[in-house]
Amino acid sequence: MSNKTVIRNVNEHVGESVIIGCWVNNKRSSGKIQFLQLRDGTGYIQGVVVKSEVSEEIWDAAKSLTQESSLYVTGIIREEPRSQSGYEMTVTGIEILHLTENYPITPKEHGIDFLMDHRHLWLRSTKQRAVLLVRAEIIRAIQEFFNTNGFTKVDPPILTPTSAEGTTNLFHTKYFEEDAYLTQSGQLYMEAAAMALGKVYSFGPTFRAEKSKTRRHLIEFWMIEPEMAFTDHEESLRVQENFITHVVQSVVKNCRTELETLGRDISKLENIQAPFPRISYDDAIQFLNENGFELPWGEDFGAPHETAIAEAYDKPVFITNYPAGIKAFYMKPDPNRPEVVLCADMIAPEGYGEIIGGSQRIDDPELMAERFKEHELPMESYQWYMDLRTYGSVPHSGFGLGLERTVAWICGLDHVRETIPFPRTLYRLYP
Ligand code: 4AD
Ligand code: MG
């Protein structure tokens, strides 16, 4: 009897006969030997079928296998230093589960639209699998960081009555007789949670009906939003740089094979160690104007500006203290210079743009009420948020990390659409 196993664990079965459920990734033949490139999700192994050592039936079964056919393969595991995994299988049996005909994704080149239309199959490719493994490791490391640093995970709602980040990009839906919106950010709810639990974080999907077709924008993306009571902006920046260092170094440690599959320059990632450089908005404006841009004080940065600033550093850089006028209503003004707010965007290196937006929050009830008026936000809908300032208000800060932009940067991908299993982009809701 052969033991059922998976490719990841074949090292525990050298010299033994095992059975593995798998798919055919590729195949080649030299007349008397067939080489099956097999994959089972956990890894890759070559199965060697030798004509003189198997029955005619098994030889013919091997011959009939096509790309992406599924089978149970039986064979003896051998150490094979010349193979990438270090192991090979001498095939002794084949039970075909399904013979695939005309698999649409062949080893030749395909256009991006074709691949995206076949995303459900494209996920099986070596590179896409590597991206999903890195994404899973990033998620694991994120949770590890917060769970071991005194944060409690809290889940904010997805359906909300109001906006958190501005009213233009909301996905509208009906909530029985009422209007509702898909969440753009859990932040306001996380502020309430921080007043109950101290240090909290959320990790969930967020939605923005942005008509942006760039390599950094998704309509549905995942955000991690920590919120900390009794924490000022400066302390929050230190949490952010330690957090990103932990995430990047976890991937470097645990996903070396995947990063190599993706052709990522690992030394660039190894270099990502706290502390990170900082530049004020004022200095960033001056830097840009000295380097070929024309951007007056008070304007927001676009992707080319962020890239130009990021190129001056080989680590993520914080751009701090933006003008109040281009940032969200809840950000606390700098007490020494109320025209700027206590905020920072973290810009990833190598042109990946903003990965974190964060700030200290207004804790003064009167100033908050003033901001509601200025931004023409309906007080009634935000009464609960005002209550957080009315009842035991404390200094507090928080931030939001975009998961997909982080995956794109760490994997070295040109576009966020490959960082999520089924991307929702401006023109794509299928599959
Ligand atoms: O800068 P943003 O809009 O900040 C907030 O939503 C705050 N409420 C967060 C907080 O303080 N709790 O978004 C945070 C991050 C961005 O830096 C970016 O990484 C990501 O979310 N992001 C997007 N990622 C992909 N596609 C989009 N359309 C994104 N919009 C924002
Ligand atoms: Mg932002």
# chains A, B, ... in the order shown; residues from 1 in each chain; ligands from 1

call {"tool": "closest_atom_pairs", "arguments": {"of": "chain A", "to": "ligand 1", "cutoff": "6 Å", "atoms": "only C-alpha atoms and all ligand atoms", "output": "CSV"}}
result
residue,atom,partner,partner_atom_place_in_ligand_line,distance
A:Glu165,CA,ligand 1,6 (O),5.9
A:Ser185,CA,ligand 1,6 (O),4.8
A:Gln187,CA,ligand 1,12 (N),4.4
A:Arg208,CA,ligand 1,28 (N),5.9
A:Arg216,CA,ligand 1,25 (C),5.8
A:His217,CA,ligand 1,26 (N),3.6
A:Leu218,CA,ligand 1,26 (N),3.8
A:Ile219,CA,ligand 1,28 (N),5.5
A:Phe221,CA,ligand 1,25 (C),5.4
A:Met223,CA,ligand 1,21 (O),5.9
A:Glu225,CA,ligand 1,12 (N),4.7
A:Glu354,CA,ligand 1,17 (O),4.9
A:Ile355,CA,ligand 1,19 (O),3.5
A:Ile356,CA,ligand 1,17 (O),3.6
A:Gly357,CA,ligand 1,1 (O),3.9
A:Gly358,CA,ligand 1,11 (O),4.1
A:Gly398,CA,ligand 1,11 (O),5.1
A:Phe399,CA,ligand 1,11 (O),3.4
A:Gly400,CA,ligand 1,9 (C),3.6
A:Leu401,CA,ligand 1,15 (C),4.8
A:Gly402,CA,ligand 1,19 (O),3.4
A:Arg405,CA,ligand 1,19 (O),5.7

call {"tool": "select_by_dssp", "arguments": {"residues": "range 106-223 of chain A", "states": "alpha helix (DSSP H)", "output": "PyMOL selection string"}}
result
chain A and resi 112-117+119-122+126-147+187-197

call {"tool": "closest_residue", "arguments": {"among": "A:Phe145, A:Tyr330, A:Phe318, A:Tyr175", "to": "Asp345 in chain A", "atoms": "only C-alpha atoms"}}
result
A:Phe318

call {"tool": "atom_distance", "arguments": {"atom1": "CA of Tyr391 in chain A", "atom2": "CA of Asn149 in chain A"}}
result
26.8 Å

call {"tool": "residues_around", "arguments": {"residues": "Val317 in chain A", "least_positions_apart": "2", "cutoff": "10 Å", "atoms": "only C-alpha atoms", "output": "list in words"}}
result
Glu241, Pro275, Phe276, Pro277, Arg278, Ile279, Glu306, Ile309, Ala310, Glu311, Ala312, Tyr313, Asp314, Lys315, Ile319, Thr320, Ala344, Asp345, Met346, Ile347, Ala348, Pro349 and Glu354 of chain A

call {"tool": "write_last_selection", "arguments": {"atoms": "N, CA, C and O atoms", "output": "PDB file, in the first residue's frame"}}
result
ATOM      1  N   GLU A 241       6.834  52.180  11.255  1.00  0.00           N
ATOM      2  CA  GLU A 241       8.096  51.705  10.666  1.00  0.00           C
ATOM      3  C   GLU A 241       8.490  50.334  11.212  1.00  0.00           C
ATOM      4  O   GLU A 241       9.009  49.500  10.483  1.00  0.00           O
ATOM      5  N   PRO A 275      14.878  52.810  11.522  1.00  0.00           N
ATOM      6  CA  PRO A 275      13.883  53.851  11.231  1.00  0.00           C
ATOM      7  C   PRO A 275      13.848  54.235   9.759  1.00  0.00           C
ATOM      8  O   PRO A 275      14.826  54.013   9.038  1.00  0.00           O
ATOM      9  N   PHE A 276      12.718  54.801   9.344  1.00  0.00           N
ATOM     10  CA  PHE A 276      12.565  55.268   7.961  1.00  0.00           C
ATOM     11  C   PHE A 276      12.777  56.785   7.888  1.00  0.00           C
ATOM     12  O   PHE A 276      12.465  57.499   8.839  1.00  0.00           O
ATOM     13  N   PRO A 277      13.286  57.256   6.746  1.00  0.00           N
ATOM     14  CA  PRO A 277      13.465  58.704   6.602  1.00  0.00           C
ATOM     15  C   PRO A 277      12.127  59.456   6.602  1.00  0.00           C
ATOM     16  O   PRO A 277      11.081  58.869   6.322  1.00  0.00           O
ATOM     17  N   ARG A 278      12.203  60.740   6.933  1.00  0.00           N
ATOM     18  CA  ARG A 278      11.001  61.586   6.957  1.00  0.00           C
ATOM     19  C   ARG A 278      11.279  62.870   6.217  1.00  0.00           C
ATOM     20  O   ARG A 278      12.377  63.415   6.309  1.00  0.00           O
ATOM     21  N   ILE A 279      10.280  63.369   5.529  1.00  0.00           N
ATOM     22  CA  ILE A 279      10.399  64.680   4.899  1.00  0.00           C
ATOM     23  C   ILE A 279       9.065  65.388   5.102  1.00  0.00           C
ATOM     24  O   ILE A 279       8.005  64.769   4.981  1.00  0.00           O
ATOM     25  N   GLU A 306       5.092  61.579  -6.081  1.00  0.00           N
ATOM     26  CA  GLU A 306       5.456  60.582  -5.053  1.00  0.00           C
ATOM     27  C   GLU A 306       6.667  59.778  -5.497  1.00  0.00           C
ATOM     28  O   GLU A 306       7.576  59.514  -4.711  1.00  0.00           O
ATOM     29  N   ILE A 309       9.893  61.768  -5.196  1.00  0.00           N
ATOM     30  CA  ILE A 309      10.346  61.875  -3.803  1.00  0.00           C
ATOM     31  C   ILE A 309      10.923  60.528  -3.342  1.00  0.00           C
ATOM     32  O   ILE A 309      12.015  60.466  -2.768  1.00  0.00           O
ATOM     33  N   ALA A 310      10.188  59.452  -3.643  1.00  0.00           N
ATOM     34  CA  ALA A 310      10.619  58.112  -3.189  1.00  0.00           C
ATOM     35  C   ALA A 310      11.983  57.741  -3.757  1.00  0.00           C
ATOM     36  O   ALA A 310      12.777  57.061  -3.105  1.00  0.00           O
ATOM     37  N   GLU A 311      12.267  58.212  -4.993  1.00  0.00           N
ATOM     38  CA  GLU A 311      13.533  57.847  -5.642  1.00  0.00           C
ATOM     39  C   GLU A 311      14.755  58.397  -4.924  1.00  0.00           C
ATOM     40  O   GLU A 311      15.871  57.934  -5.139  1.00  0.00           O
ATOM     41  N   ALA A 312      14.539  59.384  -4.051  1.00  0.00           N
ATOM     42  CA  ALA A 312      15.664  59.938  -3.297  1.00  0.00           C
ATOM     43  C   ALA A 312      16.072  59.024  -2.135  1.00  0.00           C
ATOM     44  O   ALA A 312      17.047  59.289  -1.443  1.00  0.00           O
ATOM     45  N   TYR A 313      15.292  57.942  -1.901  1.00  0.00           N
ATOM     46  CA  TYR A 313      15.547  57.069  -0.744  1.00  0.00           C
ATOM     47  C   TYR A 313      15.526  55.604  -1.174  1.00  0.00           C
ATOM     48  O   TYR A 313      14.914  55.256  -2.175  1.00  0.00           O
ATOM     49  N   ASP A 314      16.175  54.741  -0.362  1.00  0.00           N
ATOM     50  CA  ASP A 314      16.088  53.306  -0.649  1.00  0.00           C
ATOM     51  C   ASP A 314      15.275  52.560   0.402  1.00  0.00           C
ATOM     52  O   ASP A 314      15.313  51.345   0.514  1.00  0.00           O
ATOM     53  N   LYS A 315      14.530  53.330   1.200  1.00  0.00           N
ATOM     54  CA  LYS A 315      13.591  52.764   2.173  1.00  0.00           C
ATOM     55  C   LYS A 315      12.271  53.502   1.986  1.00  0.00           C
ATOM     56  O   LYS A 315      12.247  54.552   1.340  1.00  0.00           O
ATOM     57  N   ILE A 319       6.095  61.213   4.310  1.00  0.00           N
ATOM     58  CA  ILE A 319       5.867  62.638   4.030  1.00  0.00           C
ATOM     59  C   ILE A 319       4.892  63.119   5.099  1.00  0.00           C
ATOM     60  O   ILE A 319       3.783  62.581   5.217  1.00  0.00           O
ATOM     61  N   THR A 320       5.334  64.101   5.897  1.00  0.00           N
ATOM     62  CA  THR A 320       4.552  64.495   7.085  1.00  0.00           C
ATOM     63  C   THR A 320       3.934  65.876   6.918  1.00  0.00           C
ATOM     64  O   THR A 320       4.373  66.670   6.074  1.00  0.00           O
ATOM     65  N   ALA A 344       0.836  61.671   8.187  1.00  0.00           N
ATOM     66  CA  ALA A 344       1.929  61.233   7.306  1.00  0.00           C
ATOM     67  C   ALA A 344       1.404  60.204   6.324  1.00  0.00           C
ATOM     68  O   ALA A 344       0.532  59.395   6.654  1.00  0.00           O
ATOM     69  N   ASP A 345       1.940  60.272   5.122  1.00  0.00           N
ATOM     70  CA  ASP A 345       1.764  59.182   4.159  1.00  0.00           C
ATOM     71  C   ASP A 345       3.098  58.462   4.089  1.00  0.00           C
ATOM     72  O   ASP A 345       4.144  59.110   4.050  1.00  0.00           O
ATOM     73  N   MET A 346       3.059  57.125   4.068  1.00  0.00           N
ATOM     74  CA  MET A 346       4.298  56.377   3.867  1.00  0.00           C
ATOM     75  C   MET A 346       4.376  55.984   2.395  1.00  0.00           C
ATOM     76  O   MET A 346       3.478  55.331   1.873  1.00  0.00           O
ATOM     77  N   ILE A 347       5.460  56.433   1.728  1.00  0.00           N
ATOM     78  CA  ILE A 347       5.631  56.159   0.305  1.00  0.00           C
ATOM     79  C   ILE A 347       6.657  55.035   0.152  1.00  0.00           C
ATOM     80  O   ILE A 347       7.775  55.137   0.650  1.00  0.00           O
ATOM     81  N   ALA A 348       6.242  53.961  -0.525  1.00  0.00           N
ATOM     82  CA  ALA A 348       7.146  52.821  -0.716  1.00  0.00           C
ATOM     83  C   ALA A 348       8.226  53.180  -1.723  1.00  0.00           C
ATOM     84  O   ALA A 348       8.015  54.026  -2.594  1.00  0.00           O
ATOM     85  N   PRO A 349       9.392  52.534  -1.637  1.00  0.00           N
ATOM     86  CA  PRO A 349      10.442  52.807  -2.628  1.00  0.00           C
ATOM     87  C   PRO A 349      10.108  52.201  -3.994  1.00  0.00           C
ATOM     88  O   PRO A 349       9.091  51.519  -4.139  1.00  0.00           O
ATOM     89  N   GLU A 354       2.083  55.523  -2.380  1.00  0.00           N
ATOM     90  CA  GLU A 354       1.624  55.549  -0.988  1.00  0.00           C
ATOM     91  C   GLU A 354       1.102  54.180  -0.565  1.00  0.00           C
ATOM     92  O   GLU A 354       0.198  53.646  -1.193  1.00  0.00           O
TER      93      GLU A 354
END

call {"tool": "atom_distance", "arguments": {"atom1": "CA of Pro365 in chain A", "atom2": "CA of Pro156 in chain A"}}
result
22.9 Å
